[in-house]
>>> print(open('my_file.csv').read())   # CSV, C-alpha atoms
chain,number,residue,atom,x,y,z
C,1,ALA,CA,13.9,-4.8,-12.9
C,2,GLU,CA,10.8,-6.7,-11.7
C,3,LEU,CA,8.4,-4.0,-13.0
C,4,LEU,CA,10.2,-3.9,-16.3
C,5,GLU,CA,9.6,-7.7,-16.6
C,6,CYS,CA,5.9,-7.1,-16.0
C,7,TYR,CA,5.8,-4.5,-18.9
C,8,GLU,CA,7.6,-7.0,-21.1
C,9,ALA,CA,5.1,-9.7,-20.2
C,10,ALA,CA,2.2,-7.3,-20.9
C,11,ASN,CA,3.8,-6.4,-24.2
C,12,LYS,CA,3.7,-10.1,-25.4
C,13,VAL,CA,-0.1,-9.9,-25.0
C,14,VAL,CA,-0.8,-6.4,-26.1
C,15,PRO,CA,2.0,-4.4,-27.8
C,16,LEU,CA,2.8,-1.3,-25.8
C,17,ASP,CA,4.7,0.7,-28.4
C,18,GLY,CA,2.9,3.9,-29.1
C,19,LYS,CA,0.6,3.7,-26.1
C,20,ARG,CA,2.9,5.8,-23.9
C,21,TRP,CA,2.8,3.6,-20.9
C,22,ILE,CA,4.8,5.3,-18.1
C,23,LEU,CA,7.5,3.9,-16.0
C,24,GLY,CA,7.7,6.2,-13.1
C,25,HIS,CA,10.0,7.4,-10.3
C,26,LEU,CA,13.2,6.7,-12.2
C,27,GLY,CA,15.6,5.5,-9.6
C,28,THR,CA,18.4,3.3,-10.8
C,29,ILE,CA,18.6,1.6,-14.2
C,30,THR,CA,21.3,0.1,-16.2
C,31,PRO,CA,22.1,0.7,-19.9
C,32,ASP,CA,20.6,-2.7,-20.7
C,33,GLN,CA,17.3,-1.7,-19.0
C,34,ILE,CA,17.3,1.7,-20.8
C,35,GLN,CA,17.5,-0.2,-24.1
C,36,ARG,CA,14.7,-2.5,-23.0
C,37,ILE,CA,12.5,0.5,-22.1
C,38,LYS,CA,13.2,2.0,-25.5
C,39,ASP,CA,12.4,-1.2,-27.2
C,40,LEU,CA,9.0,-1.4,-25.4
C,41,GLY,CA,8.2,2.2,-26.4
C,42,LEU,CA,7.7,3.3,-22.7
C,43,VAL,CA,8.0,6.8,-21.5
C,44,MET,CA,9.3,7.8,-18.1
C,45,THR,CA,9.0,10.2,-15.2
C,46,ALA,CA,11.7,11.1,-12.8
C,47,HIS,CA,11.7,12.4,-9.3
C,48,PRO,CA,15.2,13.7,-8.8
C,49,ASN,CA,14.2,15.2,-5.5
C,50,ARG,CA,14.1,11.8,-4.0
C,51,HIS,CA,16.7,9.8,-6.0
C,52,VAL,CA,19.3,12.5,-6.4
C,53,TYR,CA,18.8,15.2,-3.9
C,54,LYS,CA,17.7,13.3,-0.8
C,55,SER,CA,18.9,9.7,-1.1
C,56,GLY,CA,21.4,9.6,-4.0
C,57,HIS,CA,24.3,9.5,-1.5
C,58,ILE,CA,22.8,6.3,0.1
C,59,THR,CA,22.3,4.7,-3.3
C,60,ARG,CA,25.8,5.6,-4.4
C,61,GLU,CA,27.3,4.1,-1.2
C,62,GLU,CA,25.2,0.9,-1.8
C,63,ILE,CA,26.1,0.4,-5.4
C,64,GLY,CA,29.6,2.0,-5.5
C,65,ARG,CA,30.9,5.0,-7.2
C,66,GLU,CA,31.8,3.0,-10.2
C,67,ASN,CA,28.1,2.4,-10.8
C,68,GLU,CA,26.7,5.8,-9.9
C,69,ASN,CA,25.8,6.6,-13.5
C,70,THR,CA,22.9,4.2,-13.0
C,71,ILE,CA,21.3,6.6,-10.4
C,72,THR,CA,18.5,8.5,-12.2
C,73,PRO,CA,20.4,8.5,-15.5
C,74,LEU,CA,18.6,11.4,-17.1
C,75,ARG,CA,21.2,12.1,-19.8
C,76,SER,CA,21.4,8.4,-20.8
C,77,VAL,CA,17.6,8.1,-21.0
C,78,ARG,CA,17.3,11.3,-23.1
C,79,GLU,CA,20.2,10.2,-25.4
C,80,ALA,CA,18.3,6.9,-25.9
C,81,GLY,CA,15.4,9.0,-27.2
C,82,ILE,CA,13.0,8.1,-24.4
C,83,PRO,CA,10.7,11.0,-23.4
C,84,ILE,CA,11.1,11.7,-19.8
C,85,GLY,CA,9.0,14.1,-17.7
C,86,LEU,CA,10.4,15.8,-14.6
C,87,SER,CA,8.0,15.7,-11.7
C,88,THR,CA,7.8,16.2,-8.0
C,89,ASP,CA,5.4,15.0,-5.4
C,90,ASN,CA,7.5,16.5,-2.6
C,91,VAL,CA,8.3,19.8,-1.0
C,92,PRO,CA,9.0,22.3,-2.4
C,93,ILE,CA,6.3,21.9,-5.0
C,94,SER,CA,7.9,24.2,-7.6
C,95,MET,CA,9.0,22.5,-10.8
C,96,PHE,CA,12.2,24.6,-10.7
C,97,PHE,CA,13.5,22.5,-7.9
C,98,PRO,CA,13.5,19.2,-10.0
C,99,ILE,CA,14.9,21.2,-13.0
C,100,TRP,CA,17.7,22.4,-10.8
C,101,GLN,CA,18.3,18.9,-9.5
C,102,ALA,CA,18.4,17.5,-13.0
C,103,VAL,CA,21.0,20.2,-13.9
C,104,SER,CA,23.2,20.3,-10.7
C,105,ARG,CA,22.7,16.7,-9.5
C,106,TYR,CA,23.3,18.1,-6.0
C,107,ASN,CA,22.7,16.0,-2.9
C,108,MET,CA,21.6,17.7,0.3
C,109,TYR,CA,23.6,15.4,2.6
C,110,SER,CA,26.8,14.7,0.8
C,111,LYS,CA,27.0,18.2,-0.6
C,112,ASP,CA,28.3,17.1,-3.9
C,113,ALA,CA,26.9,16.0,-7.3
C,114,ILE,CA,25.5,12.5,-7.6
C,115,ALA,CA,26.4,10.9,-11.0
C,116,PRO,CA,27.4,14.3,-12.5
C,117,ASP,CA,27.8,12.6,-16.0
C,118,GLN,CA,24.0,12.2,-16.0
C,119,ALA,CA,23.3,16.0,-15.6
C,120,LEU,CA,21.0,17.6,-18.1
C,121,SER,CA,21.6,20.9,-19.8
C,122,ARG,CA,19.3,23.6,-18.7
C,123,GLU,CA,17.5,23.4,-22.1
C,124,ASP,CA,17.0,19.6,-21.8
C,125,ALA,CA,15.8,19.9,-18.2
C,126,LEU,CA,13.2,22.6,-19.3
C,127,ARG,CA,12.1,20.3,-22.2
C,128,CYS,CA,11.6,17.4,-19.7
C,129,ALA,CA,9.4,19.7,-17.6
C,130,THR,CA,7.4,21.1,-20.5
C,131,ILE,CA,7.1,19.4,-23.9
C,132,ASP,CA,8.1,15.9,-22.7
C,133,GLY,CA,5.6,16.2,-19.9
C,134,ALA,CA,2.9,17.1,-22.4
C,135,TYR,CA,3.9,14.2,-24.6
C,136,LEU,CA,3.4,11.8,-21.7
C,137,THR,CA,-0.2,12.8,-21.5
C,138,PHE,CA,-0.9,13.0,-25.2
C,139,GLU,CA,-1.1,16.8,-25.1
C,140,GLU,CA,2.0,17.8,-27.0
C,141,ASP,CA,-0.3,19.3,-29.8
C,142,GLN,CA,-1.9,21.5,-27.2
C,143,LYS,CA,0.8,22.5,-24.7
C,144,GLY,CA,4.4,22.1,-23.7
C,145,SER,CA,5.8,24.7,-26.1
C,146,ILE,CA,4.9,28.1,-27.5
C,147,GLU,CA,3.6,27.6,-31.0
C,148,PRO,CA,0.7,28.7,-33.1
C,149,GLY,CA,-2.4,26.6,-32.4
C,150,LYS,CA,-1.4,25.7,-28.8
C,151,PHE,CA,-2.8,27.1,-25.6
C,152,ALA,CA,-1.5,30.6,-24.9
C,153,ASP,CA,-0.7,29.7,-21.3
C,154,LEU,CA,2.6,31.1,-20.1
C,155,VAL,CA,4.4,32.5,-17.1
C,156,ILE,CA,6.6,35.4,-16.5
C,157,LEU,CA,9.4,34.2,-14.2
C,158,SER,CA,11.5,35.9,-11.5
C,159,ASP,CA,14.7,34.9,-13.3
C,160,ASP,CA,16.0,33.4,-16.6
C,161,PRO,CA,16.5,29.7,-16.1
C,162,LEU,CA,18.9,29.6,-19.0
C,163,ARG,CA,21.2,32.4,-17.8
C,164,CYS,CA,20.9,32.7,-14.0
C,165,PRO,CA,23.5,31.2,-11.7
C,166,GLU,CA,22.9,27.5,-11.5
C,167,ASP,CA,22.2,27.4,-7.8
C,168,THR,CA,19.4,30.0,-8.2
C,169,ILE,CA,17.4,27.9,-10.7
C,170,LYS,CA,15.6,26.2,-7.7
C,171,ASP,CA,14.5,29.6,-6.4
C,172,ILE,CA,12.8,30.8,-9.6
C,173,ALA,CA,9.1,31.7,-9.0
C,174,ALA,CA,6.2,32.8,-11.2
C,175,GLU,CA,5.7,36.5,-11.2
C,176,THR,CA,2.7,36.4,-13.5
C,177,THR,CA,0.7,33.4,-14.8
C,178,ILE,CA,-1.4,33.8,-18.0
C,179,VAL,CA,-4.0,31.1,-18.9
C,180,GLY,CA,-6.2,31.5,-22.0
C,181,GLY,CA,-4.9,35.0,-22.5
C,182,ARG,CA,-6.0,36.1,-19.0
C,183,ILE,CA,-3.8,36.9,-16.0
C,184,VAL,CA,-4.8,34.4,-13.3
C,185,TYR,CA,-1.9,35.0,-10.9
C,186,GLN,CA,0.1,38.1,-10.1
C,187,ARG,CA,2.8,37.8,-7.4
C,188,GLU,CA,2.5,40.5,-4.8
C,189,ALA,CA,5.4,42.8,-4.5
C,190,ASP,CA,7.5,42.3,-1.4
>>> encode(input="my_file.csv", output="structure tokens")
Amino acid sequence: AELLECYEAANKVVPLDGKRWILGHLGTITPDQIQRIKDLGLVMTAHPNRHVYKSGHITREEIGRENENTITPLRSVREAGIPIGLSTDNVPISMFFPIWQAVSRYNMYSKDAIAPDQALSREDALRCATIDGAYLTFEEDQKGSIEPGKFADLVILSDDPLRCPEDTIKDIAAETTIVGGRIVYQREAD
């Protein structure tokens, strides 16, 4: 809340809308704060590895189950129209782990879903990891989706994130990576 107040103070001096200022490490926010973020034109990043997977059970205990939908409320943020990029600065470093966490909302200690009403569909989680991430860095015209005129960078995956069993999303790996039309990575066969 304090950081949001700083953004609101800055907005009074220099309007922030359209500048894509980032509010990072989405932890807990209320519906009122989501609206304030939208009104400011901010964009967001989320680290579900920390706030859902590793410490979501602690936060839920502190704020009560009746308030758990404020824990990394990815669905509410997306429904408000706020671009949100999934990210990780933790182990494992694969983006498929935060994608899985955004979909499953699984907590490693409580062994259940934290704020399951805030789960994203697989499609929305992939959008957060791709096109929304590109939007945050003003690169949505160059990358984030496969379209004419964009970089021809793509990856061949070990599984289909839209159809594989939910629990295996986190284990998806790049088999082949193509950048600029050239293969830059080829996974060695086991």
>>> closest_residue(input="my_file.csv", among="C:Leu40, C:Val179, C:Tyr185, C:Glu79", to="Lys150 in chain C", atoms="only C-alpha atoms")
C:Val179
>>> closest_residue(input="my_file.csv", among="C:Ile82, C:Ala129, C:Leu16, C:Gly27", to="Ser94 in chain C", atoms="all atoms listed in the file")
C:Ala129
>>> residues_around(input="my_file.csv", residues="Phe96 in chain C", least_positions_apart="2", cutoff="9 Å", atoms="all atoms listed in the file", output="compact mmCIF listing (two decimals) with C-alpha atoms, in the coordinates of the input")
# COMPACT_ATOMS: atom_id res chain seq x y z
CA ILE C 93 6.30 21.90 -5.00
CA SER C 94 7.90 24.20 -7.60
CA PRO C 98 13.50 19.20 -10.00
CA ILE C 99 14.90 21.20 -13.00
CA TRP C 100 17.70 22.40 -10.80
CA GLN C 101 18.30 18.90 -9.50
CA LEU C 126 13.20 22.60 -19.30
CA ALA C 129 9.40 19.70 -17.60
CA PRO C 161 16.50 29.70 -16.10
CA ILE C 169 17.40 27.90 -10.70
CA LYS C 170 15.60 26.20 -7.70
CA ASP C 171 14.50 29.60 -6.40
CA ILE C 172 12.80 30.80 -9.60
CA ALA C 173 9.10 31.70 -9.00
>>> atom_distance(input="my_file.csv", atom1="CA of Gly144 in chain C", atom2="CA of Thr130 in chain C")
4.5 Å
>>> atom_distance(input="my_file.csv", atom1="CA of Phe138 in chain C", atom2="CA of Lys38 in chain C")
17.9 Å
>>> atom_distance(input="my_file.csv", atom1="CA of Ala189 in chain C", atom2="CA of Thr177 in chain C")
14.7 Å
>>> closest_residue(input="my_file.csv", among="C:Asp32, C:Pro48, C:Ile131, C:Asp89", to="Ser145 in chain C", atoms="only C-alpha atoms")
C:Ile131
>>> closest_residue(input="my_file.csv", among="C:Ala9, C:Leu136, C:Ala102, C:Ala115", to="Leu42 in chain C", atoms="only C-alpha atoms")
C:Leu136
>>> residues_around(input="my_file.csv", residues="Cys6 in chain C", least_positions_apart="5", cutoff="12 Å", atoms="all atoms listed in the file", output="count of residues only")
8
>>> closest_residue(input="my_file.csv", among="C:Asp141, C:Asp159, C:Asp39, C:Glu123", to="Pro15 in chain C", atoms="only C-alpha atoms")
C:Asp39
>>> closest_residue(input="my_file.csv", among="C:Arg187, C:Pro83, C:Ala152, C:Asp17", to="Thr45 in chain C", atoms="only C-alpha atoms")
C:Pro83
>>> residues_near_point(input="my_file.csv", point="(6.2, 9.9, -6.0)", cutoff="12 Å", atoms="all atoms listed in the file", output="PyMOL selection string")
chain C and resi 23-27+45-51+86-91
>>> residues_around(input="my_file.csv", residues="Asp124 in chain C", least_positions_apart="6", cutoff="9 Å", atoms="all atoms listed in the file", output="JSON, numbers by chain")
{"C": [75, 78, 103]}
>>> residues_near_point(input="my_file.csv", point="(25.4, 9.9, -9.7)", cutoff="6 Å", atoms="all atoms listed in the file", output="ChimeraX atom specification")
/C:68-69,71,114-116
>>> decode(input="my_file.csv", residues="range 88-102 of chain C", atoms="all heavy atoms", output="tab-separated table (two decimals), in the first residue's frame")
chain	number	residue	atom	x	y	z
C	88	THR	N	10.30	-14.96	-12.68
C	88	THR	CA	10.92	-15.69	-11.59
C	88	THR	C	12.35	-15.19	-11.43
C	88	THR	O	13.01	-14.85	-12.40
C	88	THR	CB	10.90	-17.21	-11.82
C	88	THR	OG1	11.47	-17.84	-10.67
C	88	THR	CG2	11.66	-17.62	-13.07
C	89	ASP	N	12.78	-15.10	-10.22
C	89	ASP	CA	14.18	-14.82	-9.92
C	89	ASP	C	14.65	-15.87	-8.92
C	89	ASP	O	15.45	-15.64	-8.07
C	89	ASP	CB	14.37	-13.41	-9.37
C	89	ASP	CG	13.53	-13.12	-8.14
C	89	ASP	OD1	12.86	-14.04	-7.63
C	89	ASP	OD2	13.54	-11.97	-7.68
C	90	ASN	N	14.07	-17.06	-9.09
C	90	ASN	CA	14.27	-18.12	-8.13
C	90	ASN	C	14.54	-19.43	-8.87
C	90	ASN	O	14.52	-19.48	-10.08
C	90	ASN	CB	13.02	-18.24	-7.26
C	90	ASN	CG	13.33	-18.64	-5.85
C	90	ASN	OD1	14.08	-19.57	-5.62
C	90	ASN	ND2	12.74	-17.95	-4.90
C	91	VAL	N	14.76	-20.47	-8.13
C	91	VAL	CA	15.04	-21.79	-8.70
C	91	VAL	C	13.75	-22.60	-8.63
C	91	VAL	O	13.08	-22.56	-7.61
C	91	VAL	CB	16.17	-22.47	-7.90
C	91	VAL	CG1	16.42	-23.87	-8.40
C	91	VAL	CG2	17.43	-21.63	-7.97
C	92	PRO	N	13.36	-23.35	-9.64
C	92	PRO	CA	14.05	-23.48	-10.92
C	92	PRO	C	13.81	-22.25	-11.80
C	92	PRO	O	12.83	-21.53	-11.63
C	92	PRO	CB	13.42	-24.74	-11.53
C	92	PRO	CG	12.06	-24.80	-10.93
C	92	PRO	CD	12.17	-24.21	-9.56
C	93	ILE	N	14.69	-22.04	-12.76
C	93	ILE	CA	14.64	-20.82	-13.55
C	93	ILE	C	13.75	-20.93	-14.79
C	93	ILE	O	13.58	-19.97	-15.49
C	93	ILE	CB	16.06	-20.37	-13.97
C	93	ILE	CG1	16.79	-21.49	-14.70
C	93	ILE	CG2	16.83	-19.89	-12.76
C	93	ILE	CD1	18.11	-21.08	-15.31
C	94	SER	N	13.17	-22.04	-15.04
C	94	SER	CA	12.27	-22.21	-16.17
C	94	SER	C	10.99	-21.40	-15.96
C	94	SER	O	10.41	-21.41	-14.87
C	94	SER	CB	11.90	-23.69	-16.34
C	94	SER	OG	10.81	-23.84	-17.21
C	95	MET	N	10.52	-20.72	-17.01
C	95	MET	CA	9.26	-19.98	-16.92
C	95	MET	C	8.07	-20.91	-16.77
C	95	MET	O	6.98	-20.48	-16.39
C	95	MET	CB	9.07	-19.09	-18.15
C	95	MET	CG	9.75	-17.75	-18.05
C	95	MET	SD	9.26	-16.80	-16.59
C	95	MET	CE	7.54	-16.49	-16.97
C	96	PHE	N	8.25	-22.20	-17.05
C	96	PHE	CA	7.11	-23.10	-16.92
C	96	PHE	C	6.76	-23.37	-15.46
C	96	PHE	O	5.64	-23.76	-15.16
C	96	PHE	CB	7.34	-24.39	-17.71
C	96	PHE	CG	7.13	-24.15	-19.17
C	96	PHE	CD1	8.20	-23.95	-20.02
C	96	PHE	CD2	5.85	-24.02	-19.68
C	96	PHE	CE1	8.00	-23.67	-21.35
C	96	PHE	CE2	5.64	-23.73	-21.01
C	96	PHE	CZ	6.72	-23.55	-21.86
C	97	PHE	N	7.68	-23.11	-14.55
C	97	PHE	CA	7.34	-23.25	-13.14
C	97	PHE	C	6.36	-22.14	-12.71
C	97	PHE	O	5.32	-22.44	-12.14
C	97	PHE	CB	8.61	-23.27	-12.27
C	97	PHE	CG	8.50	-24.22	-11.12
C	97	PHE	CD1	8.72	-25.57	-11.30
C	97	PHE	CD2	8.18	-23.76	-9.87
C	97	PHE	CE1	8.61	-26.46	-10.23
C	97	PHE	CE2	8.07	-24.63	-8.79
C	97	PHE	CZ	8.28	-25.99	-8.98
C	98	PRO	N	6.61	-20.85	-12.99
C	98	PRO	CA	5.62	-19.83	-12.65
C	98	PRO	C	4.30	-20.00	-13.43
C	98	PRO	O	3.23	-19.67	-12.91
C	98	PRO	CB	6.29	-18.50	-13.00
C	98	PRO	CG	7.70	-18.79	-13.27
C	98	PRO	CD	7.87	-20.26	-13.43
C	99	ILE	N	4.38	-20.50	-14.66
C	99	ILE	CA	3.14	-20.75	-15.41
C	99	ILE	C	2.32	-21.81	-14.67
C	99	ILE	O	1.12	-21.63	-14.45
C	99	ILE	CB	3.47	-21.18	-16.86
C	99	ILE	CG1	4.03	-19.99	-17.64
C	99	ILE	CG2	2.22	-21.76	-17.54
C	99	ILE	CD1	4.64	-20.35	-18.99
C	100	TRP	N	2.98	-22.89	-14.27
C	100	TRP	CA	2.29	-23.94	-13.51
C	100	TRP	C	1.72	-23.39	-12.20
C	100	TRP	O	0.59	-23.69	-11.82
C	100	TRP	CB	3.26	-25.10	-13.24
C	100	TRP	CG	2.74	-26.10	-12.25
C	100	TRP	CD1	1.72	-27.00	-12.45
C	100	TRP	CD2	3.20	-26.30	-10.92
C	100	TRP	NE1	1.53	-27.75	-11.30
C	100	TRP	CE2	2.43	-27.35	-10.35
C	100	TRP	CE3	4.20	-25.72	-10.14
C	100	TRP	CZ2	2.63	-27.80	-9.05
C	100	TRP	CZ3	4.40	-26.18	-8.86
C	100	TRP	CH2	3.62	-27.21	-8.32
C	101	GLN	N	2.51	-22.56	-11.50
C	101	GLN	CA	2.04	-21.99	-10.24
C	101	GLN	C	0.83	-21.08	-10.44
C	101	GLN	O	-0.08	-21.07	-9.61
C	101	GLN	CB	3.18	-21.22	-9.57
C	101	GLN	CG	4.28	-22.15	-9.10
C	101	GLN	CD	5.60	-21.44	-8.91
C	101	GLN	OE1	5.83	-20.35	-9.41
C	101	GLN	NE2	6.49	-22.09	-8.19
C	102	ALA	N	0.80	-20.34	-11.54
C	102	ALA	CA	-0.33	-19.46	-11.83
C	102	ALA	C	-1.59	-20.27	-12.14
C	102	ALA	O	-2.70	-19.83	-11.84
C	102	ALA	CB	0.01	-18.55	-12.99
